[in-house]
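Notes to accompany the following structure.
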Amino acid sequence: RIMRPDDANIAGNVHGGTILKMIEEAGAIISTRHCNSQAGEPCVAALARVERTDFLSPMCIGEVANVSAEITYTSRHSVEVQVNVMSENILTGAKKVTNKATLWYVPLSLKNVNKVLEVPPIQYARQEQEDEGKKRYEEQKLDRLETKQRNGDVILPVINPEPHTVGYSQSSLIHLVGPSDCTLLGFVHGGVTMKLMDEVAGIVAARHCKTNIVTASVDAINFHEKIKKGCVITVSGRMTFTSNKSMEIEVFVDADPFVDEPRERYRAVSAFFTYVSLSKEGKPLPVPQLLTETEDEKRRFEEGKGRYLQTKAKRQAQMQQAAQQ
Amino acid sequence: RIMRPDDANIAGNVHGGTILKMIEEAGAIISTRHCNSQAGEPCVAALARVERTDFLSPMCIGEVANVSAEITYTSRHSVEVQVNVMSENILTGAKKVTNKATLWYVPLSLKNVNKVLEVPPIQYARQEQEDEGKKRYEEQKLDRLETKQRNGDVILPVINPEPHTVGYSQSSLIHLVGPSDCTLLGFVHGGVTMKLMDEVAGIVAARHCKTNIVTASVDAINFHEKIKKGCVITVSGRMTFTSNKSMEIEVFVDADPFVDEPRERYRAVSAFFTYVSLSKEGKPLPVPQLLTETEDEKRRFEEGKGRYLQTKAKRQAQMQQAAQQ
Amino acid sequence: RIMRPDDANIAGNVHGGTILKMIEEAGAIISTRHCNSQAGEPCVAALARVERTDFLSPMCIGEVANVSAEITYTSRHSVEVQVNVMSENILTGAKKVTNKATLWYVPLSLKNVNKVLEVPPIQYARQEQEDEGKKRYEEQKLDRLETKQRNGDVILPVINPEPHTVGYSQSSLIHLVGPSDCTLLGFVHGGVTMKLMDEVAGIVAARHCKTNIVTASVDAINFHEKIKKGCVITVSGRMTFTSNKSMEIEVFVDADPFVDEPRERYRAVSAFFTYVSLSKEGKPLPVPQLLTETEDEKRRFEEGKGRYLQTKAKRQAQMQQAAQQ
């Protein structure tokens, strides 16, 4: 679809959240279709996880987003979908890869939302495709367990914070889940949640550096718990790390089923977003260093640095590999 | 209502699809109100057909759209509504007719969506009004049958197409039908469908000529089948004909009831949109000639030429008639 | 227009904020049109104030909102508009007055947004209409000055609040102002702001009483300062008073022009919203008493009680007057 003014920031760059939402919609459609392809209980595919994705080039207002999706692996109860997004300037015909994302879905019964159904297996062209898929499946399963443990953390408010401290830029928004946010099962679309997360992360980044910012990448996002229609969700973000030209923001999503439900508030999703600041000519700008004050902030900074260095090393290895081929 | 940036293309012209959506909402309100004006089973009026409509002058961001609707004919099971749209520049006070449209609605029972109810007859000021309405009613009925037969056609993807061929500009989008897209009966509003059709047709036109384009007219649209909440709809468009300064695009809407429904994908709507390309001063620009390759493409081009010449002749006859009066 | 699922809460009642937004759009159109009716500098009418309004009966999904607006007074630099909203059930034909609102607009030059232009005078049918209008004009002018002084207040976060305290239900959201939120002058529509305010107030009310709630009335809202495109706005709400069956919530809107602007965060709007809790049959339910802890909270509670008793007395006086006529 064509990118509209509301999809973009004031500099005309489309929000990463809008792109994530499109990706998730494509993934949900293809995996729901696949899971209903054999006779049996009707089901809806629910997003369980999005693998780390990089935003390779910005998309602008007036460009057309081409989204394509393909099922690349199926386990007994989950589907792996690969989604590619291309931006196309329909006036010049120029096309660019915007990002590639890998999503995991789980089929839930339309009659009983707590029942996970079986996934019809796909055919692989070669045995090694299946083996590689299985490896990815095991890896993501492990990672989901790990992040679940990190989830107790809460963002506390800070009174009169100093510029460039963590408290200075931390932000949160609340959103009442409406019918348009939800699937047929009455649960929030993963894409809607990711759009809100990107919105908060973007505000944190802009508050910190006071310049035009864009989403550079999103770390793996795990959807631990479903969020039901009528909930209020609180999306909170705080900066965890800055390199010379990038900012890492941790985002939490908490759901509050406060009407007609006996449950307490719970953590539904958490993730790390990386932002860069761009000049008017689209060049990356230096960002102010994050000032850490408490022990926790210093620890999170070091952890963020670890992720940053790891990603950098991985990217360099990939580039060397590509150069050798 | 006031036209917003999201209602318009990058040149500030409001999308034809936004206008079609407003027209349909007005038509749905007046005909639902009329069909419920006598005691009896409550019903909702469903759009069955929109007659050909010309976009007489472009509407811009910041202008106010005034939409007025009137019932002009009733048959036993259908209502004809005439809708007029005026654009008003509230700064200068200038008003212009944007377009006039004729829509046909059918009352469906709120309890049983497959039951068509009877329409309360309206009073005509003169007998000839009723006779003319009856003639229009018979004509559209005939035309609906004809288009139903053309509906088997499918748009296949083309790899590495040459510029200005049919394959080069053809486009499609998918949309998951959400609650806000639907009427009280749980079926997609005709206006929502038309807006998506205009979006795809606009992308096809812009891909072909690489300049700013606007909707010039929409041929009669028939709504053969209802589309239910939860369906995925695929809207596809391909260019069928170019004159010196206009492009005709055929648009198909297919519905995929892939959850909870045993049905196959089906063709719900099809229509022809005509676009023109405008310079920055609002003057029509020449458009590149469409290159037809296959026999089918050549046949469709000739059919499009037929429609084009017929419309041109009709318009000239009307202008002569107007000049003589 | 027809009310959609997205306009309503889970019980099907249309949000007060949606209605306020429609009212403001109608007011902005009629007053911009009027202020441009004489030759002179083109201008856009900006919302300065909304008088207290009661929501007389709830509107539901599927109903049609009929909004009508009339200019009732003009001073040299401002326009008073009376807007009436009727809900119409197009299935049964039943119509009900939903609310009546009075809005004040000020014409700002399209070329220089800080320049207030002169308003063309309207003709009054009787001299007393002008006199009464002038009285209303003077009253609102005085009230605007008073609320401006109350504006220094800030909502501070509370850690681990007890149920039914002020800190327990207080809420805030942030919103990045996009192009569709803005007028031709690049400032946020008053209606957009009011919709966000109602959203926050509704969440505060629901968090307090954990049942289905609806907007009962909105006290006068003054728009002290314009909010520009690209700002982040923080909308915060806290409960100030509860009677047996109603809750009063104070809402603040702060604007943060953090990109490309040297300005500090500033208070743009503040207002009081009153909510009631409804049972499934639409009957008002008792609400839990608000627990006040600090001196400020106790003072605000007493002030809220004052407003509550004053409104009650005024309503009784009106009913007696009506009974006598």
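We name chains A, B, ... following the order of the structure tokens; residues begin at 1 in each chain, and ligands are numbered from 1 as shown.
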Near Thr211 of chain C, within 12 Å and counting only C-alpha atoms, which residues show up once chain neighbours fewer than 3 positions away are dropped, as a PDB file with all heavy atoms, in the first residue's frame?
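Result went into around.pdb, see below:
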ATOM      1  N   GLY A 230     -10.523  -4.762  25.381  1.00  0.00           N
ATOM      2  CA  GLY A 230     -11.021  -4.098  26.585  1.00  0.00           C
ATOM      3  C   GLY A 230      -9.950  -3.866  27.629  1.00  0.00           C
ATOM      4  O   GLY A 230     -10.176  -3.140  28.589  1.00  0.00           O
ATOM      5  N   PRO A 257      -6.182  -6.001  32.754  1.00  0.00           N
ATOM      6  CA  PRO A 257      -7.536  -6.416  32.382  1.00  0.00           C
ATOM      7  C   PRO A 257      -8.504  -5.939  33.446  1.00  0.00           C
ATOM      8  O   PRO A 257      -9.002  -6.720  34.214  1.00  0.00           O
ATOM      9  CB  PRO A 257      -7.427  -7.939  32.340  1.00  0.00           C
ATOM     10  CG  PRO A 257      -6.268  -8.275  33.239  1.00  0.00           C
ATOM     11  CD  PRO A 257      -5.480  -7.049  33.511  1.00  0.00           C
ATOM     12  N   PHE A 258      -8.762  -4.620  33.506  1.00  0.00           N
ATOM     13  CA  PHE A 258      -9.366  -4.095  34.729  1.00  0.00           C
ATOM     14  C   PHE A 258     -10.881  -4.168  34.760  1.00  0.00           C
ATOM     15  O   PHE A 258     -11.476  -3.976  35.802  1.00  0.00           O
ATOM     16  CB  PHE A 258      -8.881  -2.679  35.031  1.00  0.00           C
ATOM     17  CG  PHE A 258      -9.233  -1.687  33.988  1.00  0.00           C
ATOM     18  CD1 PHE A 258     -10.385  -0.955  34.096  1.00  0.00           C
ATOM     19  CD2 PHE A 258      -8.401  -1.489  32.907  1.00  0.00           C
ATOM     20  CE1 PHE A 258     -10.694  -0.016  33.143  1.00  0.00           C
ATOM     21  CE2 PHE A 258      -8.711  -0.563  31.957  1.00  0.00           C
ATOM     22  CZ  PHE A 258      -9.865   0.174  32.065  1.00  0.00           C
ATOM     23  N   VAL A 259     -11.522  -4.419  33.631  1.00  0.00           N
ATOM     24  CA  VAL A 259     -12.978  -4.552  33.685  1.00  0.00           C
ATOM     25  C   VAL A 259     -13.341  -6.024  33.535  1.00  0.00           C
ATOM     26  O   VAL A 259     -12.823  -6.695  32.646  1.00  0.00           O
ATOM     27  CB  VAL A 259     -13.642  -3.710  32.582  1.00  0.00           C
ATOM     28  CG1 VAL A 259     -15.145  -3.935  32.559  1.00  0.00           C
ATOM     29  CG2 VAL A 259     -13.350  -2.234  32.786  1.00  0.00           C
ATOM     30  N   ASP A 260     -14.228  -6.508  34.382  1.00  0.00           N
ATOM     31  CA  ASP A 260     -14.806  -7.843  34.198  1.00  0.00           C
ATOM     32  C   ASP A 260     -13.796  -8.976  34.243  1.00  0.00           C
ATOM     33  O   ASP A 260     -13.992 -10.021  33.625  1.00  0.00           O
ATOM     34  CB  ASP A 260     -15.497  -7.926  32.818  1.00  0.00           C
ATOM     35  CG  ASP A 260     -16.923  -7.424  32.891  1.00  0.00           C
ATOM     36  OD1 ASP A 260     -17.416  -7.235  34.015  1.00  0.00           O
ATOM     37  OD2 ASP A 260     -17.511  -7.217  31.834  1.00  0.00           O
ATOM     38  N   GLU A 261     -12.656  -8.769  34.905  1.00  0.00           N
ATOM     39  CA  GLU A 261     -11.623  -9.809  34.925  1.00  0.00           C
ATOM     40  C   GLU A 261     -10.952  -9.791  36.286  1.00  0.00           C
ATOM     41  O   GLU A 261     -10.602  -8.739  36.798  1.00  0.00           O
ATOM     42  CB  GLU A 261     -10.537  -9.508  33.878  1.00  0.00           C
ATOM     43  CG  GLU A 261     -10.974  -9.703  32.466  1.00  0.00           C
ATOM     44  CD  GLU A 261     -10.456 -11.014  31.890  1.00  0.00           C
ATOM     45  OE1 GLU A 261      -9.598 -11.656  32.526  1.00  0.00           O
ATOM     46  OE2 GLU A 261     -10.930 -11.374  30.804  1.00  0.00           O
ATOM     47  N   PRO A 262     -10.690 -10.924  36.860  1.00  0.00           N
ATOM     48  CA  PRO A 262     -10.095 -10.923  38.189  1.00  0.00           C
ATOM     49  C   PRO A 262      -8.570 -10.781  38.169  1.00  0.00           C
ATOM     50  O   PRO A 262      -7.944 -10.693  39.199  1.00  0.00           O
ATOM     51  CB  PRO A 262     -10.492 -12.300  38.724  1.00  0.00           C
ATOM     52  CG  PRO A 262     -10.633 -13.149  37.498  1.00  0.00           C
ATOM     53  CD  PRO A 262     -10.895 -12.262  36.335  1.00  0.00           C
TER      54      PRO A 262
ATOM     55  N   ASN C   9     -16.961   1.855  23.477  1.00  0.00           N
ATOM     56  CA  ASN C   9     -16.354   0.943  24.460  1.00  0.00           C
ATOM     57  C   ASN C   9     -16.926  -0.471  24.275  1.00  0.00           C
ATOM     58  O   ASN C   9     -17.771  -0.694  23.411  1.00  0.00           O
ATOM     59  CB  ASN C   9     -16.589   1.474  25.881  1.00  0.00           C
ATOM     60  CG  ASN C   9     -18.061   1.547  26.240  1.00  0.00           C
ATOM     61  OD1 ASN C   9     -18.894   0.887  25.619  1.00  0.00           O
ATOM     62  ND2 ASN C   9     -18.383   2.349  27.231  1.00  0.00           N
ATOM     63  N   ILE C  10     -16.458  -1.411  25.108  1.00  0.00           N
ATOM     64  CA  ILE C  10     -16.891  -2.792  24.877  1.00  0.00           C
ATOM     65  C   ILE C  10     -18.381  -3.005  25.131  1.00  0.00           C
ATOM     66  O   ILE C  10     -18.970  -3.952  24.645  1.00  0.00           O
ATOM     67  CB  ILE C  10     -16.050  -3.846  25.659  1.00  0.00           C
ATOM     68  CG1 ILE C  10     -15.632  -3.322  27.024  1.00  0.00           C
ATOM     69  CG2 ILE C  10     -14.848  -4.311  24.836  1.00  0.00           C
ATOM     70  CD1 ILE C  10     -14.813  -4.310  27.840  1.00  0.00           C
ATOM     71  N   ALA C  11     -19.029  -2.086  25.865  1.00  0.00           N
ATOM     72  CA  ALA C  11     -20.472  -2.214  26.077  1.00  0.00           C
ATOM     73  C   ALA C  11     -21.258  -1.603  24.913  1.00  0.00           C
ATOM     74  O   ALA C  11     -22.484  -1.642  24.903  1.00  0.00           O
ATOM     75  CB  ALA C  11     -20.875  -1.551  27.390  1.00  0.00           C
ATOM     76  N   GLY C 202     -11.459   8.488  30.843  1.00  0.00           N
ATOM     77  CA  GLY C 202     -12.194   7.222  30.872  1.00  0.00           C
ATOM     78  C   GLY C 202     -11.370   6.102  31.499  1.00  0.00           C
ATOM     79  O   GLY C 202     -11.901   5.266  32.237  1.00  0.00           O
ATOM     80  N   ILE C 203     -10.076   6.095  31.216  1.00  0.00           N
ATOM     81  CA  ILE C 203      -9.217   5.060  31.799  1.00  0.00           C
ATOM     82  C   ILE C 203      -9.085   5.279  33.312  1.00  0.00           C
ATOM     83  O   ILE C 203      -9.140   4.331  34.100  1.00  0.00           O
ATOM     84  CB  ILE C 203      -7.845   5.028  31.087  1.00  0.00           C
ATOM     85  CG1 ILE C 203      -8.023   4.479  29.659  1.00  0.00           C
ATOM     86  CG2 ILE C 203      -6.843   4.184  31.854  1.00  0.00           C
ATOM     87  CD1 ILE C 203      -6.794   4.546  28.773  1.00  0.00           C
ATOM     88  N   VAL C 204      -8.948   6.527  33.733  1.00  0.00           N
ATOM     89  CA  VAL C 204      -8.891   6.832  35.166  1.00  0.00           C
ATOM     90  C   VAL C 204     -10.167   6.332  35.849  1.00  0.00           C
ATOM     91  O   VAL C 204     -10.122   5.625  36.872  1.00  0.00           O
ATOM     92  CB  VAL C 204      -8.716   8.353  35.416  1.00  0.00           C
ATOM     93  CG1 VAL C 204      -8.850   8.680  36.897  1.00  0.00           C
ATOM     94  CG2 VAL C 204      -7.382   8.840  34.867  1.00  0.00           C
ATOM     95  N   ALA C 205     -11.314   6.658  35.239  1.00  0.00           N
ATOM     96  CA  ALA C 205     -12.599   6.264  35.830  1.00  0.00           C
ATOM     97  C   ALA C 205     -12.724   4.741  35.908  1.00  0.00           C
ATOM     98  O   ALA C 205     -13.127   4.189  36.933  1.00  0.00           O
ATOM     99  CB  ALA C 205     -13.751   6.860  35.020  1.00  0.00           C
ATOM    100  N   ALA C 206     -12.358   4.058  34.847  1.00  0.00           N
ATOM    101  CA  ALA C 206     -12.480   2.599  34.809  1.00  0.00           C
ATOM    102  C   ALA C 206     -11.516   1.936  35.794  1.00  0.00           C
ATOM    103  O   ALA C 206     -11.850   0.934  36.419  1.00  0.00           O
ATOM    104  CB  ALA C 206     -12.241   2.082  33.392  1.00  0.00           C
ATOM    105  N   ARG C 207     -10.319   2.521  35.922  1.00  0.00           N
ATOM    106  CA  ARG C 207      -9.368   1.966  36.882  1.00  0.00           C
ATOM    107  C   ARG C 207      -9.880   2.110  38.304  1.00  0.00           C
ATOM    108  O   ARG C 207      -9.602   1.263  39.157  1.00  0.00           O
ATOM    109  CB  ARG C 207      -8.029   2.707  36.774  1.00  0.00           C
ATOM    110  CG  ARG C 207      -7.162   2.171  35.672  1.00  0.00           C
ATOM    111  CD  ARG C 207      -5.781   2.817  35.689  1.00  0.00           C
ATOM    112  NE  ARG C 207      -4.878   2.056  34.835  1.00  0.00           N
ATOM    113  CZ  ARG C 207      -3.809   2.548  34.239  1.00  0.00           C
ATOM    114  NH1 ARG C 207      -3.505   3.833  34.394  1.00  0.00           N
ATOM    115  NH2 ARG C 207      -3.034   1.788  33.499  1.00  0.00           N
ATOM    116  N   HIS C 208     -10.605   3.177  38.550  1.00  0.00           N
ATOM    117  CA  HIS C 208     -11.122   3.408  39.901  1.00  0.00           C
ATOM    118  C   HIS C 208     -12.262   2.449  40.218  1.00  0.00           C
ATOM    119  O   HIS C 208     -12.263   1.816  41.277  1.00  0.00           O
ATOM    120  CB  HIS C 208     -11.596   4.851  40.036  1.00  0.00           C
ATOM    121  CG  HIS C 208     -12.138   5.183  41.391  1.00  0.00           C
ATOM    122  ND1 HIS C 208     -11.309   5.433  42.465  1.00  0.00           N
ATOM    123  CD2 HIS C 208     -13.401   5.295  41.858  1.00  0.00           C
ATOM    124  CE1 HIS C 208     -12.053   5.683  43.539  1.00  0.00           C
ATOM    125  NE2 HIS C 208     -13.325   5.607  43.191  1.00  0.00           N
ATOM    126  N   VAL C 214     -19.274   5.651  31.344  1.00  0.00           N
ATOM    127  CA  VAL C 214     -19.548   6.568  30.228  1.00  0.00           C
ATOM    128  C   VAL C 214     -19.381   8.017  30.682  1.00  0.00           C
ATOM    129  O   VAL C 214     -19.569   8.339  31.857  1.00  0.00           O
ATOM    130  CB  VAL C 214     -20.967   6.406  29.623  1.00  0.00           C
ATOM    131  CG1 VAL C 214     -21.160   5.044  28.989  1.00  0.00           C
ATOM    132  CG2 VAL C 214     -22.039   6.670  30.670  1.00  0.00           C
ATOM    133  N   TYR C 275     -17.791  11.253  34.987  1.00  0.00           N
ATOM    134  CA  TYR C 275     -18.177   9.940  34.481  1.00  0.00           C
ATOM    135  C   TYR C 275     -19.161   9.274  35.420  1.00  0.00           C
ATOM    136  O   TYR C 275     -19.129   9.494  36.635  1.00  0.00           O
ATOM    137  CB  TYR C 275     -16.938   9.031  34.362  1.00  0.00           C
ATOM    138  CG  TYR C 275     -16.168   9.280  33.104  1.00  0.00           C
ATOM    139  CD1 TYR C 275     -15.362  10.407  32.986  1.00  0.00           C
ATOM    140  CD2 TYR C 275     -16.271   8.426  32.018  1.00  0.00           C
ATOM    141  CE1 TYR C 275     -14.672  10.663  31.824  1.00  0.00           C
ATOM    142  CE2 TYR C 275     -15.571   8.674  30.849  1.00  0.00           C
ATOM    143  CZ  TYR C 275     -14.779   9.787  30.761  1.00  0.00           C
ATOM    144  OH  TYR C 275     -14.104  10.041  29.606  1.00  0.00           O
ATOM    145  N   VAL C 276     -20.018   8.431  34.844  1.00  0.00           N
ATOM    146  CA  VAL C 276     -20.844   7.562  35.667  1.00  0.00           C
ATOM    147  C   VAL C 276     -20.577   6.125  35.250  1.00  0.00           C
ATOM    148  O   VAL C 276     -20.094   5.861  34.155  1.00  0.00           O
ATOM    149  CB  VAL C 276     -22.355   7.880  35.540  1.00  0.00           C
ATOM    150  CG1 VAL C 276     -22.672   9.244  36.137  1.00  0.00           C
ATOM    151  CG2 VAL C 276     -22.803   7.824  34.080  1.00  0.00           C
ATOM    152  N   SER C 277     -20.874   5.218  36.147  1.00  0.00           N
ATOM    153  CA  SER C 277     -20.687   3.803  35.875  1.00  0.00           C
ATOM    154  C   SER C 277     -22.067   3.219  35.571  1.00  0.00           C
ATOM    155  O   SER C 277     -23.034   3.509  36.272  1.00  0.00           O
ATOM    156  CB  SER C 277     -20.089   3.150  37.124  1.00  0.00           C
ATOM    157  OG  SER C 277     -20.083   1.759  36.977  1.00  0.00           O
ATOM    158  N   LEU C 278     -22.160   2.412  34.508  1.00  0.00           N
ATOM    159  CA  LEU C 278     -23.459   1.872  34.119  1.00  0.00           C
ATOM    160  C   LEU C 278     -23.481   0.347  34.220  1.00  0.00           C
ATOM    161  O   LEU C 278     -22.525  -0.325  33.870  1.00  0.00           O
ATOM    162  CB  LEU C 278     -23.785   2.262  32.673  1.00  0.00           C
ATOM    163  CG  LEU C 278     -24.034   3.739  32.378  1.00  0.00           C
ATOM    164  CD1 LEU C 278     -24.435   3.927  30.913  1.00  0.00           C
ATOM    165  CD2 LEU C 278     -25.119   4.322  33.284  1.00  0.00           C
ATOM    166  N   SER C 279     -24.612  -0.182  34.692  1.00  0.00           N
ATOM    167  CA  SER C 279     -24.813  -1.635  34.706  1.00  0.00           C
ATOM    168  C   SER C 279     -25.121  -2.097  33.285  1.00  0.00           C
ATOM    169  O   SER C 279     -25.281  -1.278  32.378  1.00  0.00           O
ATOM    170  CB  SER C 279     -25.990  -1.990  35.608  1.00  0.00           C
ATOM    171  OG  SER C 279     -27.194  -1.578  34.984  1.00  0.00           O
ATOM    172  N   LYS C 280     -25.240  -3.408  33.102  1.00  0.00           N
ATOM    173  CA  LYS C 280     -25.524  -3.921  31.760  1.00  0.00           C
ATOM    174  C   LYS C 280     -26.885  -3.444  31.251  1.00  0.00           C
ATOM    175  O   LYS C 280     -27.125  -3.384  30.055  1.00  0.00           O
ATOM    176  CB  LYS C 280     -25.452  -5.454  31.763  1.00  0.00           C
ATOM    177  CG  LYS C 280     -24.015  -5.904  31.515  1.00  0.00           C
ATOM    178  CD  LYS C 280     -23.811  -7.380  31.646  1.00  0.00           C
ATOM    179  CE  LYS C 280     -22.301  -7.656  31.726  1.00  0.00           C
ATOM    180  NZ  LYS C 280     -22.002  -8.995  32.208  1.00  0.00           N
ATOM    181  N   GLY C 282     -27.926  -0.486  31.735  1.00  0.00           N
ATOM    182  CA  GLY C 282     -27.842   0.957  31.532  1.00  0.00           C
ATOM    183  C   GLY C 282     -28.204   1.780  32.755  1.00  0.00           C
ATOM    184  O   GLY C 282     -28.385   2.993  32.660  1.00  0.00           O
ATOM    185  N   PRO C 284     -27.355   3.588  36.392  1.00  0.00           N
ATOM    186  CA  PRO C 284     -26.145   4.077  37.081  1.00  0.00           C
ATOM    187  C   PRO C 284     -25.840   3.219  38.306  1.00  0.00           C
ATOM    188  O   PRO C 284     -26.740   2.870  39.075  1.00  0.00           O
ATOM    189  CB  PRO C 284     -26.522   5.498  37.509  1.00  0.00           C
ATOM    190  CG  PRO C 284     -27.742   5.856  36.747  1.00  0.00           C
ATOM    191  CD  PRO C 284     -28.433   4.580  36.388  1.00  0.00           C
ATOM    192  N   LEU C 285     -24.580   2.876  38.490  1.00  0.00           N
ATOM    193  CA  LEU C 285     -24.150   2.071  39.636  1.00  0.00           C
ATOM    194  C   LEU C 285     -23.482   2.961  40.674  1.00  0.00           C
ATOM    195  O   LEU C 285     -22.927   4.005  40.328  1.00  0.00           O
ATOM    196  CB  LEU C 285     -23.125   1.029  39.167  1.00  0.00           C
ATOM    197  CG  LEU C 285     -23.604  -0.054  38.214  1.00  0.00           C
ATOM    198  CD1 LEU C 285     -22.424  -0.856  37.683  1.00  0.00           C
ATOM    199  CD2 LEU C 285     -24.598  -0.968  38.938  1.00  0.00           C
ATOM    200  N   PRO C 286     -23.519   2.531  41.945  1.00  0.00           N
ATOM    201  CA  PRO C 286     -22.743   3.268  42.955  1.00  0.00           C
ATOM    202  C   PRO C 286     -21.250   3.142  42.634  1.00  0.00           C
ATOM    203  O   PRO C 286     -20.815   2.119  42.100  1.00  0.00           O
ATOM    204  CB  PRO C 286     -23.055   2.551  44.268  1.00  0.00           C
ATOM    205  CG  PRO C 286     -23.948   1.419  43.950  1.00  0.00           C
ATOM    206  CD  PRO C 286     -24.235   1.387  42.494  1.00  0.00           C
ATOM    207  N   VAL C 287     -20.460   4.178  42.951  1.00  0.00           N
ATOM    208  CA  VAL C 287     -19.017   4.095  42.700  1.00  0.00           C
ATOM    209  C   VAL C 287     -18.273   4.128  44.035  1.00  0.00           C
ATOM    210  O   VAL C 287     -18.742   4.744  44.997  1.00  0.00           O
ATOM    211  CB  VAL C 287     -18.507   5.236  41.785  1.00  0.00           C
ATOM    212  CG1 VAL C 287     -19.161   5.165  40.416  1.00  0.00           C
ATOM    213  CG2 VAL C 287     -18.731   6.596  42.419  1.00  0.00           C
ATOM    214  N   PRO C 288     -17.097   3.454  44.103  1.00  0.00           N
ATOM    215  CA  PRO C 288     -16.331   3.486  45.355  1.00  0.00           C
ATOM    216  C   PRO C 288     -15.912   4.926  45.674  1.00  0.00           C
ATOM    217  O   PRO C 288     -15.583   5.689  44.768  1.00  0.00           O
ATOM    218  CB  PRO C 288     -15.087   2.637  45.044  1.00  0.00           C
ATOM    219  CG  PRO C 288     -15.368   1.932  43.758  1.00  0.00           C
ATOM    220  CD  PRO C 288     -16.414   2.697  43.041  1.00  0.00           C
TER     221      PRO C 288
END
So that each row is one residue of chain A with an atom at most 7 Å from chain B, can you give its shortest atom pair and the distance in Å to one decimal, using only C-alpha atoms, rows by chain and rising number, as CSV?
residue,atom,partner,partner_atom,distance
A:Arg1,CA,B:Leu173,CA,6.7
A:Arg4,CA,B:Asp6,CA,5.9
A:Pro5,CA,B:Asp6,CA,5.9
A:Asp6,CA,B:Asp6,CA,6.4
A:Arg33,CA,B:Phe258,CA,6.0
A:Asn36,CA,B:Val259,CA,6.7
A:Pro42,CA,B:Asp260,CA,5.3
A:Cys43,CA,B:Val259,CA,6.6
A:Gly62,CA,B:Ile10,CA,6.3
A:Ile90,CA,B:Arg207,CA,5.0
A:Leu91,CA,B:Lys210,CA,4.0
A:Thr92,CA,B:Lys210,CA,6.5
A:Pro179,CA,B:Pro179,CA,6.3
A:Ser180,CA,B:Pro179,CA,5.9
A:Leu184,CA,B:Gly230,CA,6.5
By how many Å are atom CA of Ile23 of chain C and atom CA of Thr74 of chain C apart?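 Between atom CA of Ile23 of chain C and atom CA of Thr74 of chain C the gap is 18.7 Å.
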At a cut-off of 10 Å, using only C-alpha atoms, what residues contact segment 52-57 of chain C? Leave out same-chain residues fewer than 4 positions from it and give the result as a list in words.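 In the requested form, the answer reads Asn13, Gly16, Ile19, Leu20, Val85, Met86, Ser87, Lys96, Val97, Thr98, Asn99, Lys100, Ala101, Thr102, Leu103, Val214, Thr215, Ala216, Ser217, Val218, Asp219, Ala220, Ile221, Ala271, Phe272, Phe273, Thr274 and Tyr275 of chain C.
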Do a neighbour search on Ala201 of chain C at 8 Å with only C-alpha atoms, toss out local chain neighbours closer than 5 positions, and write the hits as a list of chain:residue names. C:Gly237, C:Arg238, C:Ile249, C:Glu250, C:Val251, C:Phe273
Could you please write out, as a VMD selection string, every residue of segment 9-251 of chain B that DSSP assigns to alpha helix (DSSP H)? chain B and resid 16 to 35 127 to 149 166 to 169 190 to 209
Please indicate the distance in Å from atom CA of Ile29 of chain C to atom CA of Val79 of chain C, rounded to one decimal place.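 Separation of atom CA of Ile29 of chain C and atom CA of Val79 of chain C: 12.0 Å.
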At a cut-off of 12 Å, using only C-alpha atoms, what residues contact Glu138 of chain B? Leave out same-chain residues fewer than 5 positions from it and give the result as a PyMOL selection string. chain B and resi 73-75+78+80+131-133+143-145
With all C-alpha atoms paired in order, what RMSD does the least-squares fit of chain A onto chain C leave?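 The root-mean-square deviation of C-alpha positions is 0.1 Å.
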Go ahead and compute the interatomic distance for atom CA of Leu291 of chain C and atom CA of Glu303 of chain C, in Å to one decimal.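 Here the two named atoms are 15.0 Å from each other.
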Backbone-only DSSP, strand (DSSP E or B) members of segment 128-222 of chain A, as a ChimeraX atom specification: /A:165,171-176,182,187-188,213-218,221-222
Shell around Gln289 of chain C at 10 Å using only C-alpha atoms, local window under 5 positions removed, as a VMD selection string: chain C and resid 164 to 165 208 to 209 241 to 247
Go ahead and save the picked residues with C-alpha atoms, as an mmCIF file, in the first residue's frame.
data_model
loop_
_atom_site.group_PDB
_atom_site.id
_atom_site.type_symbol
_atom_site.label_atom_id
_atom_site.label_comp_id
_atom_site.auth_asym_id
_atom_site.auth_seq_id
_atom_site.Cartn_x
_atom_site.Cartn_y
_atom_site.Cartn_z
ATOM 1 C CA HIS C 164 -9.265 3.864 45.434
ATOM 2 C CA THR C 165 -6.619 6.466 46.250
ATOM 3 C CA HIS C 208 -11.122 3.408 39.901
ATOM 4 C CA CYS C 209 -14.424 1.555 39.676
ATOM 5 C CA PHE C 241 -14.020 13.915 43.526
ATOM 6 C CA THR C 242 -16.617 11.156 43.815
ATOM 7 C CA SER C 243 -20.285 11.493 44.696
ATOM 8 C CA ASN C 244 -22.420 8.375 45.248
ATOM 9 C CA LYS C 245 -22.794 7.752 41.542
ATOM 10 C CA SER C 246 -20.340 9.998 39.735
ATOM 11 C CA MET C 247 -16.611 10.581 39.424
#
